[in-house]
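Structure data (compact mmCIF, C-alpha atoms) from final23.txt:
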# COMPACT_ATOMS: atom_id res chain seq x y z
CA MET A 1295 6.31 6.97 -34.91
CA LYS A 1296 3.66 6.57 -32.24
CA ILE A 1297 6.38 6.44 -29.58
CA LYS A 1298 7.99 9.55 -31.06
CA VAL A 1299 4.78 11.53 -30.64
CA LEU A 1300 4.39 10.34 -27.06
CA GLN A 1301 7.95 11.33 -26.26
CA ASP A 1302 7.35 14.79 -27.70
CA ILE A 1303 4.29 15.24 -25.51
CA LEU A 1304 6.12 14.01 -22.41
CA SER A 1305 9.13 16.19 -23.08
CA ALA A 1306 6.99 19.30 -23.64
CA ASN A 1307 5.13 18.46 -20.43
CA ASP A 1308 8.39 18.12 -18.48
CA GLY A 1309 9.49 21.58 -19.62
CA ILE A 1310 6.32 23.21 -18.32
CA ALA A 1311 6.53 21.13 -15.12
CA ARG A 1312 10.03 22.49 -14.45
CA ARG A 1313 8.74 26.04 -14.98
CA ASN A 1314 5.89 25.37 -12.54
CA GLN A 1315 8.29 24.05 -9.94
CA GLU A 1316 10.59 27.09 -10.25
CA ARG A 1317 7.57 29.32 -9.72
CA LEU A 1318 6.43 27.31 -6.67
CA ASP A 1319 9.98 27.43 -5.27
CA LYS A 1320 10.04 31.19 -5.66
CA TYR A 1321 7.10 31.38 -3.27
CA GLY A 1322 8.32 28.55 -0.99
CA ILE A 1323 5.22 26.42 -1.61
CA LEU A 1324 5.55 22.68 -0.91
CA THR A 1325 3.50 21.03 -3.64
CA ILE A 1326 2.14 17.49 -3.44
CA ASN A 1327 0.64 15.48 -6.31
CA VAL A 1328 -2.01 13.15 -4.80
CA MET A 1329 -2.79 10.13 -6.97
CA ALA A 1330 -5.00 7.02 -6.60
CA SER A 1331 -7.76 4.95 -8.17
CA PRO A 1332 -11.31 6.35 -8.15
CA GLY A 1333 -12.75 6.22 -4.65
CA ALA A 1334 -9.51 5.35 -2.86
CA GLY A 1335 -9.82 8.40 -0.60
CA LYS A 1336 -7.92 11.30 -2.21
CA THR A 1337 -10.53 13.91 -1.30
CA SER A 1338 -10.96 12.49 2.21
CA LEU A 1339 -7.20 12.71 2.76
CA ILE A 1340 -7.16 16.32 1.58
CA LEU A 1341 -10.10 17.24 3.83
CA GLN A 1342 -8.48 15.58 6.86
CA THR A 1343 -5.20 17.35 6.10
CA ILE A 1344 -6.89 20.74 5.84
CA SER A 1345 -8.86 20.21 9.00
CA ASN A 1346 -5.76 19.22 11.01
CA LEU A 1347 -3.16 21.63 9.63
CA LYS A 1348 -5.01 24.75 8.56
CA SER A 1349 -4.56 26.57 11.89
CA GLU A 1350 -0.78 26.65 11.38
CA THR A 1351 -0.38 26.19 7.61
CA ARG A 1352 -1.76 28.17 4.66
CA ILE A 1353 -3.16 25.48 2.37
CA ALA A 1354 -4.55 25.65 -1.19
CA VAL A 1355 -5.92 22.86 -3.37
CA ILE A 1356 -6.11 22.13 -7.10
CA GLU A 1357 -8.89 19.63 -7.82
CA GLY A 1358 -8.61 17.54 -10.99
CA ASP A 1359 -11.70 15.79 -12.32
CA ILE A 1360 -13.02 14.65 -15.66
CA SER A 1361 -16.22 16.51 -14.97
CA SER A 1362 -18.18 17.86 -11.96
CA THR A 1363 -17.05 20.11 -9.10
CA LEU A 1364 -18.17 17.72 -6.33
CA ASP A 1365 -14.75 17.54 -4.67
CA ALA A 1366 -13.93 21.23 -5.09
CA ASN A 1367 -17.21 22.08 -3.36
CA LYS A 1368 -16.26 19.92 -0.36
CA VAL A 1369 -12.83 21.56 -0.15
CA GLN A 1370 -14.19 25.08 -0.46
CA LYS A 1371 -16.46 24.48 2.55
CA GLN A 1372 -13.26 24.12 4.62
CA GLY A 1373 -12.44 27.73 3.81
CA VAL A 1374 -9.29 27.20 1.75
CA GLU A 1375 -8.47 28.42 -1.76
CA VAL A 1376 -9.41 25.85 -4.40
CA VAL A 1377 -9.21 25.77 -8.20
CA GLN A 1378 -11.07 23.10 -10.17
CA ILE A 1379 -9.60 21.67 -13.37
CA ASN A 1380 -12.05 19.70 -15.51
CA THR A 1381 -10.10 17.58 -17.99
CA ALA A 1382 -13.17 16.96 -20.21
CA GLY A 1383 -12.41 13.25 -20.61
CA GLY A 1384 -8.66 13.36 -20.02
CA CYS A 1385 -7.51 10.67 -17.61
CA HIS A 1386 -4.76 12.68 -15.87
CA LEU A 1387 -3.66 16.23 -15.10
CA ASP A 1388 -0.69 17.69 -16.96
CA ALA A 1389 1.76 20.54 -16.37
CA ASN A 1390 -0.08 22.91 -18.68
CA MET A 1391 -3.37 22.54 -16.81
CA THR A 1392 -1.46 23.01 -13.56
CA GLU A 1393 0.13 26.23 -14.83
CA ILE A 1394 -3.30 27.66 -15.62
CA ALA A 1395 -4.48 26.71 -12.14
CA LEU A 1396 -1.42 28.41 -10.59
CA ASN A 1397 -2.34 31.59 -12.46
CA ASN A 1398 -5.57 31.54 -10.47
CA LEU A 1399 -4.13 31.08 -6.98
CA PRO A 1400 -2.70 33.70 -4.54
CA LEU A 1401 0.79 32.16 -4.52
CA GLU A 1402 2.21 34.60 -1.99
CA ASP A 1403 -0.28 33.33 0.62
CA ILE A 1404 0.31 29.56 0.36
CA ASP A 1405 2.64 27.20 2.27
CA LEU A 1406 1.23 23.89 1.06
CA LEU A 1407 -0.43 23.14 -2.28
CA LEU A 1408 -2.27 19.82 -2.58
CA ILE A 1409 -3.08 18.73 -6.14
CA GLU A 1410 -5.74 16.01 -6.42
CA ASN A 1411 -5.15 14.18 -9.69
CA VAL A 1412 -7.83 12.36 -11.72
CA GLY A 1413 -8.75 8.96 -10.24
CA ASN A 1414 -6.49 6.60 -12.18
CA LEU A 1415 -3.64 4.30 -11.12
CA VAL A 1416 -1.90 4.49 -14.50
CA CYS A 1417 -1.38 7.70 -16.49
CA PRO A 1418 -1.06 10.31 -13.71
CA ALA A 1419 2.31 8.76 -12.81
CA GLU A 1420 3.66 9.58 -16.28
CA PHE A 1421 2.97 13.32 -16.23
CA ALA A 1422 4.93 15.60 -13.90
CA LEU A 1423 2.98 18.70 -12.83
CA GLY A 1424 5.78 20.62 -11.09
CA GLU A 1425 5.19 18.94 -7.72
CA HIS A 1426 7.92 18.35 -5.13
CA LYS A 1427 6.53 15.08 -3.82
CA ARG A 1428 4.26 12.36 -5.13
CA VAL A 1429 1.83 10.71 -2.78
CA MET A 1430 -0.41 7.81 -3.69
CA LEU A 1431 -3.23 6.10 -1.86
CA LEU A 1432 -4.23 2.50 -2.24
CA SER A 1433 -7.42 1.57 -0.44
CA LEU A 1434 -7.64 -1.82 1.25
CA PRO A 1435 -10.62 -3.05 -0.83
CA GLU A 1436 -8.51 -2.73 -4.01
CA GLY A 1437 -6.43 -5.73 -2.93
CA ASP A 1438 -2.85 -6.49 -1.92
CA ASP A 1439 -1.74 -7.49 -5.46
CA LYS A 1440 -1.98 -3.99 -6.94
CA PRO A 1441 1.76 -3.11 -6.72
CA TYR A 1442 2.45 -5.93 -9.19
CA LYS A 1443 -0.30 -4.82 -11.58
CA TYR A 1444 0.30 -1.04 -11.53
CA PRO A 1445 4.01 -0.89 -10.73
CA LEU A 1446 4.93 2.58 -12.05
CA MET A 1447 2.92 4.57 -9.52
CA PHE A 1448 4.14 2.46 -6.60
CA THR A 1449 7.72 2.86 -7.84
CA GLU A 1450 7.53 6.66 -8.11
CA ALA A 1451 5.63 7.54 -4.94
CA ASP A 1452 7.48 9.25 -2.10
CA VAL A 1453 4.68 8.16 0.22
CA VAL A 1454 2.19 5.29 -0.15
CA LEU A 1455 -0.86 5.69 2.08
CA LEU A 1456 -2.70 2.42 2.62
CA ASN A 1457 -6.19 3.80 3.29
CA LYS A 1458 -9.43 2.34 4.72
CA ILE A 1459 -7.44 0.29 7.22
CA ASP A 1460 -10.64 0.27 9.33
CA LEU A 1461 -12.06 -2.29 6.85
CA LEU A 1462 -9.28 -4.81 7.57
CA PRO A 1463 -11.52 -7.13 9.66
CA HIS A 1464 -13.97 -7.42 6.75
CA LEU A 1465 -11.50 -8.10 3.93
CA GLU A 1466 -8.84 -10.59 2.95
CA PHE A 1467 -5.82 -8.31 2.63
CA ASN A 1468 -2.32 -9.62 3.25
CA LEU A 1469 -0.49 -6.72 4.92
CA PRO A 1470 3.00 -8.30 5.00
CA ALA A 1471 2.70 -9.27 1.30
CA PHE A 1472 1.67 -5.69 0.42
CA HIS A 1473 4.58 -4.15 2.36
CA LYS A 1474 7.00 -6.58 0.75
CA ALA A 1475 5.69 -5.80 -2.75
CA VAL A 1476 5.93 -2.02 -2.26
CA SER A 1477 9.39 -2.20 -0.67
CA GLY A 1478 10.58 -4.35 -3.54
CA LEU A 1479 9.53 -1.75 -6.11
CA ASN A 1480 10.39 1.29 -4.04
CA PRO A 1481 12.83 0.72 -1.16
CA LYS A 1482 12.91 4.43 -0.19
CA GLY A 1483 9.14 5.06 -0.25
CA LYS A 1484 7.37 5.47 3.07
CA ILE A 1485 4.22 3.47 3.78
CA PHE A 1486 1.61 4.74 6.25
CA GLN A 1487 -1.45 2.68 7.19
CA VAL A 1488 -4.35 5.07 7.68
CA SER A 1489 -8.08 5.50 7.78
CA CYS A 1490 -9.23 8.87 6.46
CA LYS A 1491 -12.65 7.98 7.89
CA THR A 1492 -11.66 7.29 11.51
CA GLY A 1493 -8.42 9.29 11.51
CA GLU A 1494 -6.35 6.24 12.51
CA GLY A 1495 -2.67 6.54 11.57
CA LEU A 1496 -2.94 10.03 10.09
CA GLU A 1497 -0.55 11.56 12.67
CA ASP A 1498 2.37 10.00 10.77
CA TRP A 1499 1.16 11.62 7.55
CA PHE A 1500 0.72 15.02 9.21
CA SER A 1501 4.21 14.82 10.78
CA TRP A 1502 5.76 13.90 7.45
CA LEU A 1503 4.01 16.84 5.76
CA GLN A 1504 4.98 19.34 8.47
CA ASN A 1505 8.58 18.20 8.25
CA GLU A 1506 8.57 18.56 4.44
CA ILE A 1507 7.10 22.07 4.72
CA LYS A 1508 9.94 23.00 7.11
CA LYS A 1509 12.53 21.51 4.76
CA THR A 1510 11.09 23.47 1.82
CA LYS A 1511 11.22 26.76 3.72
CA SER A 1512 14.75 26.09 4.94
CA ARG A 1513 15.97 24.92 1.50
CA LEU A 1514 14.62 28.06 -0.14
CA GLY A 1515 15.64 30.34 2.71
CA SER A 1516 12.16 31.82 2.95
CA MET B 155 -3.92 19.37 -34.19
CA LYS B 156 -3.84 17.33 -31.01
CA ILE B 157 -7.54 16.53 -31.41
CA LYS B 158 -6.97 15.53 -35.03
CA VAL B 159 -4.36 12.94 -33.99
CA LEU B 160 -6.67 11.54 -31.35
CA GLN B 161 -9.52 11.25 -33.85
CA ASP B 162 -7.24 9.42 -36.27
CA ILE B 163 -6.29 6.93 -33.58
CA LEU B 164 -9.90 6.40 -32.53
CA SER B 165 -11.09 6.00 -36.10
CA ALA B 166 -8.33 3.47 -36.94
CA ASN B 167 -9.24 1.61 -33.75
CA ASP B 168 -12.93 1.52 -34.70
CA GLY B 169 -12.09 -0.03 -38.08
CA ILE B 170 -10.15 -2.88 -36.45
CA ALA B 171 -12.88 -3.28 -33.81
CA ARG B 172 -15.49 -3.77 -36.56
CA ARG B 173 -13.28 -6.39 -38.19
CA ASN B 174 -12.91 -8.18 -34.83
CA GLN B 175 -16.68 -8.16 -34.31
CA GLU B 176 -17.33 -9.62 -37.79
CA ARG B 177 -14.88 -12.39 -37.00
CA LEU B 178 -16.51 -13.09 -33.63
CA ASP B 179 -19.94 -13.09 -35.29
CA LYS B 180 -18.73 -15.61 -37.84
CA TYR B 181 -18.07 -18.03 -34.97
CA GLY B 182 -21.15 -17.02 -32.94
CA ILE B 183 -19.08 -15.87 -29.95
CA LEU B 184 -20.78 -13.47 -27.53
CA THR B 185 -17.99 -11.09 -26.47
CA ILE B 186 -18.08 -8.98 -23.33
CA ASN B 187 -15.71 -6.12 -22.48
CA VAL B 188 -15.38 -6.03 -18.67
CA MET B 189 -14.25 -2.66 -17.31
CA ALA B 190 -13.71 -1.18 -13.83
CA SER B 191 -11.27 0.59 -11.53
CA PRO B 192 -8.33 -1.39 -10.14
CA GLY B 193 -9.54 -3.86 -7.53
CA ALA B 194 -13.27 -3.46 -8.19
CA GLY B 195 -13.66 -7.20 -8.83
CA LYS B 196 -13.23 -7.85 -12.57
CA THR B 197 -11.21 -11.04 -12.10
CA SER B 198 -13.50 -12.27 -9.32
CA LEU B 199 -16.53 -11.76 -11.57
CA ILE B 200 -14.85 -13.70 -14.37
CA LEU B 201 -13.87 -16.54 -12.02
CA GLN B 202 -17.43 -16.76 -10.62
CA THR B 203 -18.85 -16.73 -14.15
CA ILE B 204 -16.54 -19.53 -15.30
CA SER B 205 -17.25 -21.62 -12.23
CA ASN B 206 -21.04 -21.28 -12.66
CA LEU B 207 -21.41 -21.53 -16.44
CA LYS B 208 -18.55 -23.68 -17.68
CA SER B 209 -20.50 -26.97 -17.55
CA GLU B 210 -22.90 -25.70 -20.24
CA THR B 211 -20.92 -22.91 -21.97
CA ARG B 212 -17.53 -22.91 -23.67
CA ILE B 213 -15.76 -19.88 -22.20
CA ALA B 214 -12.48 -18.17 -23.09
CA VAL B 215 -10.83 -15.14 -21.51
CA ILE B 216 -8.54 -12.35 -22.67
CA GLU B 217 -6.71 -10.80 -19.70
CA GLY B 218 -5.50 -7.21 -20.06
CA ASP B 219 -2.89 -5.91 -17.65
CA ILE B 220 -0.10 -3.36 -17.66
CA SER B 221 2.27 -6.04 -16.45
CA SER B 222 2.15 -9.41 -14.65
CA THR B 223 0.12 -12.55 -15.41
CA LEU B 224 -1.45 -12.79 -11.95
CA ASP B 225 -5.04 -12.77 -13.23
CA ALA B 226 -4.38 -15.02 -16.23
CA ASN B 227 -2.87 -17.60 -13.86
CA LYS B 228 -6.04 -17.59 -11.74
CA VAL B 229 -8.23 -18.01 -14.82
CA GLN B 230 -6.10 -20.79 -16.27
CA LYS B 231 -6.53 -22.81 -13.07
CA GLN B 232 -10.25 -22.97 -13.91
CA GLY B 233 -9.37 -24.94 -17.05
CA VAL B 234 -10.48 -22.41 -19.68
CA GLU B 235 -8.52 -20.92 -22.58
CA VAL B 236 -6.86 -17.64 -21.62
CA VAL B 237 -4.62 -15.18 -23.46
CA GLN B 238 -2.73 -12.50 -21.55
CA ILE B 239 -2.17 -9.06 -23.09
CA ASN B 240 0.44 -6.93 -21.32
CA THR B 241 0.05 -3.31 -22.39
CA ALA B 242 3.51 -2.29 -21.11
CA GLY B 243 2.22 0.90 -19.50
CA GLY B 244 -0.86 1.44 -21.66
CA CYS B 245 -3.95 2.27 -19.60
CA HIS B 246 -6.51 0.44 -21.77
CA LEU B 247 -6.82 -2.37 -24.31
CA ASP B 248 -7.42 -1.52 -27.96
CA ALA B 249 -8.80 -3.33 -30.99
CA ASN B 250 -5.37 -4.14 -32.37
CA MET B 251 -4.26 -5.90 -29.18
CA THR B 252 -7.59 -7.75 -29.17
CA GLU B 253 -7.06 -8.92 -32.76
CA ILE B 254 -3.68 -10.41 -31.82
CA ALA B 255 -5.30 -12.19 -28.87
CA LEU B 256 -8.05 -13.57 -31.15
CA ASN B 257 -5.34 -15.02 -33.39
CA ASN B 258 -4.26 -17.07 -30.40
CA LEU B 259 -7.66 -18.49 -29.40
CA PRO B 260 -9.52 -21.55 -30.79
CA LEU B 261 -12.48 -19.50 -32.03
CA GLU B 262 -14.47 -22.51 -33.28
CA ASP B 263 -14.67 -23.83 -29.69
CA ILE B 264 -15.92 -20.72 -27.86
CA ASP B 265 -19.46 -19.54 -26.98
CA LEU B 266 -18.56 -16.74 -24.61
CA LEU B 267 -15.44 -14.56 -24.65
CA LEU B 268 -14.80 -12.40 -21.58
CA ILE B 269 -12.24 -9.61 -22.04
CA GLU B 270 -10.87 -8.14 -18.82
CA ASN B 271 -9.72 -4.60 -19.58
CA VAL B 272 -6.99 -2.71 -17.70
CA GLY B 273 -8.18 -1.36 -14.33
CA ASN B 274 -9.22 2.20 -15.21
CA LEU B 275 -12.56 4.00 -15.10
CA VAL B 276 -11.64 6.42 -17.90
CA CYS B 277 -9.89 5.40 -21.15
CA PRO B 278 -11.18 1.84 -21.67
CA ALA B 279 -14.63 3.32 -22.43
CA GLU B 280 -13.18 5.24 -25.39
CA PHE B 281 -11.69 2.25 -27.24
CA ALA B 282 -13.98 -0.37 -28.81
CA LEU B 283 -12.43 -3.83 -28.99
CA GLY B 284 -15.04 -5.58 -31.13
CA GLU B 285 -17.20 -6.58 -28.16
CA HIS B 286 -20.98 -7.01 -28.31
CA LYS B 287 -21.67 -5.79 -24.81
CA ARG B 288 -19.93 -3.56 -22.30
CA VAL B 289 -20.10 -4.45 -18.66
CA MET B 290 -18.68 -2.34 -15.85
CA LEU B 291 -18.24 -2.94 -12.17
CA LEU B 292 -18.25 -0.32 -9.49
CA SER B 293 -17.32 -1.58 -6.05
CA LEU B 294 -19.13 -0.19 -3.03
CA PRO B 295 -15.98 1.22 -1.35
CA GLU B 296 -15.42 3.51 -4.36
CA GLY B 297 -18.41 5.61 -3.34
CA ASP B 298 -21.86 6.52 -4.68
CA ASP B 299 -20.69 9.72 -6.41
CA LYS B 300 -18.62 8.00 -9.10
CA PRO B 301 -21.26 8.20 -11.92
CA TYR B 302 -20.96 12.00 -11.76
CA LYS B 303 -17.16 11.93 -11.81
CA TYR B 304 -16.60 9.25 -14.49
CA PRO B 305 -19.75 9.63 -16.58
CA LEU B 306 -18.67 8.11 -19.92
CA MET B 307 -18.28 4.55 -18.69
CA PHE B 308 -21.58 4.63 -16.80
CA THR B 309 -23.28 6.06 -19.90
CA GLU B 310 -21.97 3.38 -22.25
CA ALA B 311 -22.35 0.25 -20.10
CA ASP B 312 -25.03 -2.29 -21.01
CA VAL B 313 -24.77 -3.65 -17.48
CA VAL B 314 -23.49 -1.97 -14.31
CA LEU B 315 -22.58 -4.45 -11.58
CA LEU B 316 -22.45 -2.87 -8.14
CA ASN B 317 -19.98 -5.21 -6.47
CA LYS B 318 -18.92 -5.87 -2.84
CA ILE B 319 -22.51 -5.39 -1.68
CA ASP B 320 -21.52 -7.52 1.35
CA LEU B 321 -19.60 -4.48 2.65
CA LEU B 322 -22.75 -2.31 2.80
CA PRO B 323 -23.07 -2.50 6.63
CA HIS B 324 -19.53 -1.12 7.00
CA LEU B 325 -19.71 1.78 4.54
CA GLU B 326 -21.68 4.94 3.92
CA PHE B 327 -23.06 4.25 0.45
CA ASN B 328 -26.37 5.77 -0.65
CA LEU B 329 -27.95 3.06 -2.83
CA PRO B 330 -30.96 5.11 -4.04
CA ALA B 331 -28.67 8.03 -4.96
CA PHE B 332 -26.42 5.68 -6.93
CA HIS B 333 -29.33 4.10 -8.82
CA LYS B 334 -30.72 7.54 -9.61
CA ALA B 335 -27.35 8.78 -10.90
CA VAL B 336 -26.81 5.75 -13.15
CA SER B 337 -30.37 5.80 -14.50
CA GLY B 338 -30.01 9.50 -15.25
CA LEU B 339 -26.92 8.89 -17.39
CA ASN B 340 -28.06 5.58 -18.86
CA PRO B 341 -31.80 4.86 -18.71
CA LYS B 342 -31.49 1.52 -20.58
CA GLY B 343 -28.54 0.10 -18.62
CA LYS B 344 -29.22 -2.71 -16.20
CA ILE B 345 -27.93 -2.51 -12.63
CA PHE B 346 -27.26 -5.67 -10.61
CA GLN B 347 -26.17 -5.55 -6.96
CA VAL B 348 -23.75 -8.39 -6.37
CA SER B 349 -20.98 -9.77 -4.23
CA CYS B 350 -18.42 -11.74 -6.19
CA LYS B 351 -17.07 -12.86 -2.81
CA THR B 352 -20.27 -14.34 -1.32
CA GLY B 353 -22.10 -14.97 -4.62
CA GLU B 354 -25.05 -12.77 -3.58
CA GLY B 355 -27.04 -11.43 -6.53
CA LEU B 356 -24.97 -13.18 -9.21
CA GLU B 357 -27.93 -15.27 -10.47
CA ASP B 358 -29.26 -12.15 -12.25
CA TRP B 359 -25.91 -11.69 -13.99
CA PHE B 360 -25.74 -15.35 -15.02
CA SER B 361 -29.33 -15.25 -16.38
CA TRP B 362 -28.59 -12.09 -18.34
CA LEU B 363 -25.45 -13.68 -19.83
CA GLN B 364 -27.19 -16.94 -20.74
CA ASN B 365 -29.97 -15.00 -22.43
CA GLU B 366 -27.45 -12.93 -24.41
CA ILE B 367 -25.62 -16.08 -25.52
CA LYS B 368 -28.95 -17.51 -26.78
CA LYS B 369 -29.74 -14.24 -28.60
CA THR B 370 -26.31 -14.28 -30.24
CA LYS B 371 -26.72 -17.86 -31.47
CA SER B 372 -30.23 -17.18 -32.75
CA ARG B 373 -29.26 -13.86 -34.40
CA LEU B 374 -26.39 -15.49 -36.24
CA GLY B 375 -28.33 -18.69 -36.98
CA SER B 376 -25.56 -20.82 -35.54

Let's see the structure in the file written out as structure tokens.
Amino acid sequence: MKIKVLQDILSANDGIARRNQERLDKYGILTINVMASPGAGKTSLILQTISNLKSETRIAVIEGDISSTLDANKVQKQGVEVVQINTAGGCHLDANMTEIALNNLPLEDIDLLLIENVGNLVCPAEFALGEHKRVMLLSLPEGDDKPYKYPLMFTEADVVLLNKIDLLPHLEFNLPAFHKAVSGLNPKGKIFQVSCKTGEGLEDWFSWLQNEIKKTKSRLGS
Amino acid sequence: MKIKVLQDILSANDGIARRNQERLDKYGILTINVMASPGAGKTSLILQTISNLKSETRIAVIEGDISSTLDANKVQKQGVEVVQINTAGGCHLDANMTEIALNNLPLEDIDLLLIENVGNLVCPAEFALGEHKRVMLLSLPEGDDKPYKYPLMFTEADVVLLNKIDLLPHLEFNLPAFHKAVSGLNPKGKIFQVSCKTGEGLEDWFSWLQNEIKKTKSRLGS
């Protein structure tokens, strides 16, 4: 019975997610769901992305948080459109919340929509929002064993960003073991080693994004 | 309707949690629910605690994980009783899972039961297990703004352990701002700054635990 209820919720969510994606496709907006543990660097990645791509790309952001508008405030200072969703205790965004956020964005003026999910390595992976790609960050201090302990998110991510690589000299983190674990779960997923603080390695992320934006425009003929 | 279902679940959980606590009280077992984000140092804290207290205290551990027995294996090597709960996707432990774990522990031979919850700064705080005290870790790399973004866990913790304090020279972490934020949410909660890697600051945690074990024994007259 419990499982039945959960399936109903997930199936209703998937329906709204499909509707969101059709709407985003209509406007040719590449949409990325950014997921990670608390403090892994989601907001820093979004700020770096805005700062490096905003001259050539029209970017908007949906910020998901349990409470507070701390991250939305940081994003707004960069001069891009941002909508804050407060989940009031909920541990992930869902498609319905995303739809409401879309209603509050100028969709005709956006090329790239970045959605920052609630900090959580578990539930966000179960709820589609309407995104085209899923990106997750793991930060080095979280440890190299995390793919084994939180496998779903690592399995579903199109890109895994290994963040805070600048801390490598101060931590015991087995890079080959981490790469092997991720590749085992997700042979097609890309892994980029980056530092959102120093900027190291972010060129690969920017190139991937720019290429995906081009593919979206060309796929939709816009 | 959705809220009604959630309340039913929470209220059923609370009933089982009370039953668990009565059972733990019968045996005079101080029980601690250890909560944190993935990779914040829950297992390291438990291993340090075992290594420092096991000569005078009979310790057992319940390990909660979505999948894998990585942490339970580490704990078992220390020669203490351990039960692994795999939640199969669930993002927190609940009282029912805890009851099943208790059925598999030699309760008459335990003074201190440490329960490692699933790595998640959100949902574990909503589900009582039957524990006497709630302890959370925040690791320095997660950032000093986390009390504002995940307030419930900081509000409900009896002890907040600020872990990985050895990384302070390499990070921008505002200690006074963090202390102010936690005290604002939770004036009675204790804050200990520790490194489970170097052992720095852990004496305060051990003293607090030993005192709580004494209080439990004296309260229950065992």

May I have a table of the residues of chain B lying at most 8 Å from chain A, giving each one's closest pair of atoms and their distance in Å to one decimal, counting all atoms listed in the file, ordered by chain and ascending residue number, as a Markdown table?
| residue | atom | partner | partner_atom | distance |
| --- | --- | --- | --- | --- |
| B:Ser191 | CA | A:Ser1331 | CA | 6.5 |
| B:Pro192 | CA | A:Glu1436 | CA | 6.3 |
| B:Gly193 | CA | A:Glu1436 | CA | 3.8 |
| B:Ala194 | CA | A:Glu1436 | CA | 6.4 |
| B:Asp219 | CA | A:Lys1443 | CA | 6.7 |
| B:Ile220 | CA | A:Lys1443 | CA | 6.3 |
| B:Ser221 | CA | A:Lys1443 | CA | 5.6 |
| B:Ser222 | CA | A:Lys1443 | CA | 6.0 |
| B:Gly243 | CA | A:Val1416 | CA | 7.4 |
| B:Gly244 | CA | A:Val1416 | CA | 7.9 |
| B:Cys245 | CA | A:Val1416 | CA | 5.9 |
| B:Gly273 | CA | A:Leu1415 | CA | 7.9 |
| B:Asn274 | CA | A:Asn1414 | CA | 6.0 |
| B:Leu275 | CA | A:Asn1414 | CA | 7.2 |
| B:Val276 | CA | A:Cys1385 | CA | 5.9 |
| B:Cys277 | CA | A:Cys1385 | CA | 6.8 |
| B:Pro295 | CA | A:Gly1333 | CA | 6.8 |
| B:Glu296 | CA | A:Gly1333 | CA | 3.8 |
| B:Gly297 | CA | A:Gly1333 | CA | 5.8 |
| B:Lys300 | CA | A:Pro1332 | CA | 7.6 |
| B:Tyr302 | CA | A:Ser1362 | CA | 6.5 |
| B:Lys303 | CA | A:Ser1361 | CA | 5.6 |
| B:Tyr304 | CA | A:Ile1360 | CA | 6.6 |
| B:Pro305 | CA | A:Ser1361 | CA | 7.9 |
| B:Leu321 | CA | A:His1464 | CA | 7.6 |
| B:His324 | CA | A:Leu1461 | CA | 7.6 |

Write out, as a PDB file, in the frame of the given file, the residues just selected, with C-alpha atoms.
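This is the output file part-v1.pdb:
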ATOM      1  CA  SER B 191     -11.270   0.590 -11.530  1.00  0.00           C
ATOM      2  CA  PRO B 192      -8.330  -1.390 -10.140  1.00  0.00           C
ATOM      3  CA  GLY B 193      -9.540  -3.860  -7.530  1.00  0.00           C
ATOM      4  CA  ALA B 194     -13.270  -3.460  -8.190  1.00  0.00           C
ATOM      5  CA  ASP B 219      -2.890  -5.910 -17.650  1.00  0.00           C
ATOM      6  CA  ILE B 220      -0.100  -3.360 -17.660  1.00  0.00           C
ATOM      7  CA  SER B 221       2.270  -6.040 -16.450  1.00  0.00           C
ATOM      8  CA  SER B 222       2.150  -9.410 -14.650  1.00  0.00           C
ATOM      9  CA  GLY B 243       2.220   0.900 -19.500  1.00  0.00           C
ATOM     10  CA  GLY B 244      -0.860   1.440 -21.660  1.00  0.00           C
ATOM     11  CA  CYS B 245      -3.950   2.270 -19.600  1.00  0.00           C
ATOM     12  CA  GLY B 273      -8.180  -1.360 -14.330  1.00  0.00           C
ATOM     13  CA  ASN B 274      -9.220   2.200 -15.210  1.00  0.00           C
ATOM     14  CA  LEU B 275     -12.560   4.000 -15.100  1.00  0.00           C
ATOM     15  CA  VAL B 276     -11.640   6.420 -17.900  1.00  0.00           C
ATOM     16  CA  CYS B 277      -9.890   5.400 -21.150  1.00  0.00           C
ATOM     17  CA  PRO B 295     -15.980   1.220  -1.350  1.00  0.00           C
ATOM     18  CA  GLU B 296     -15.420   3.510  -4.360  1.00  0.00           C
ATOM     19  CA  GLY B 297     -18.410   5.610  -3.340  1.00  0.00           C
ATOM     20  CA  LYS B 300     -18.620   8.000  -9.100  1.00  0.00           C
ATOM     21  CA  TYR B 302     -20.960  12.000 -11.760  1.00  0.00           C
ATOM     22  CA  LYS B 303     -17.160  11.930 -11.810  1.00  0.00           C
ATOM     23  CA  TYR B 304     -16.600   9.250 -14.490  1.00  0.00           C
ATOM     24  CA  PRO B 305     -19.750   9.630 -16.580  1.00  0.00           C
ATOM     25  CA  LEU B 321     -19.600  -4.480   2.650  1.00  0.00           C
ATOM     26  CA  HIS B 324     -19.530  -1.120   7.000  1.00  0.00           C
TER      27      HIS B 324
END

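Atom to atom, atom CA of B:Ala166 and atom CA of B:Glu285 stand 16.0 Å apart.
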
(message) Taking (2.3, 12.2, -9.2) in the coordinates of the supplied file, I want to know which residues reach to within 12 Å of it, counting all atoms listed in the file; could you give the answer as a ChimeraX atom specification?
(response) /A:1311,1325-1330,1386-1389,1408-1431,1446-1454

(request) Provide the atom CA of B:Leu256 to atom CA of B:Leu184 distance in Å, to one decimal place. (result) 13.2 Å

(request) Using atom CA of A:Gly1373 and atom CA of A:Ile1310 as the two end points, give the distance in Å to one decimal. (result) 29.4 Å
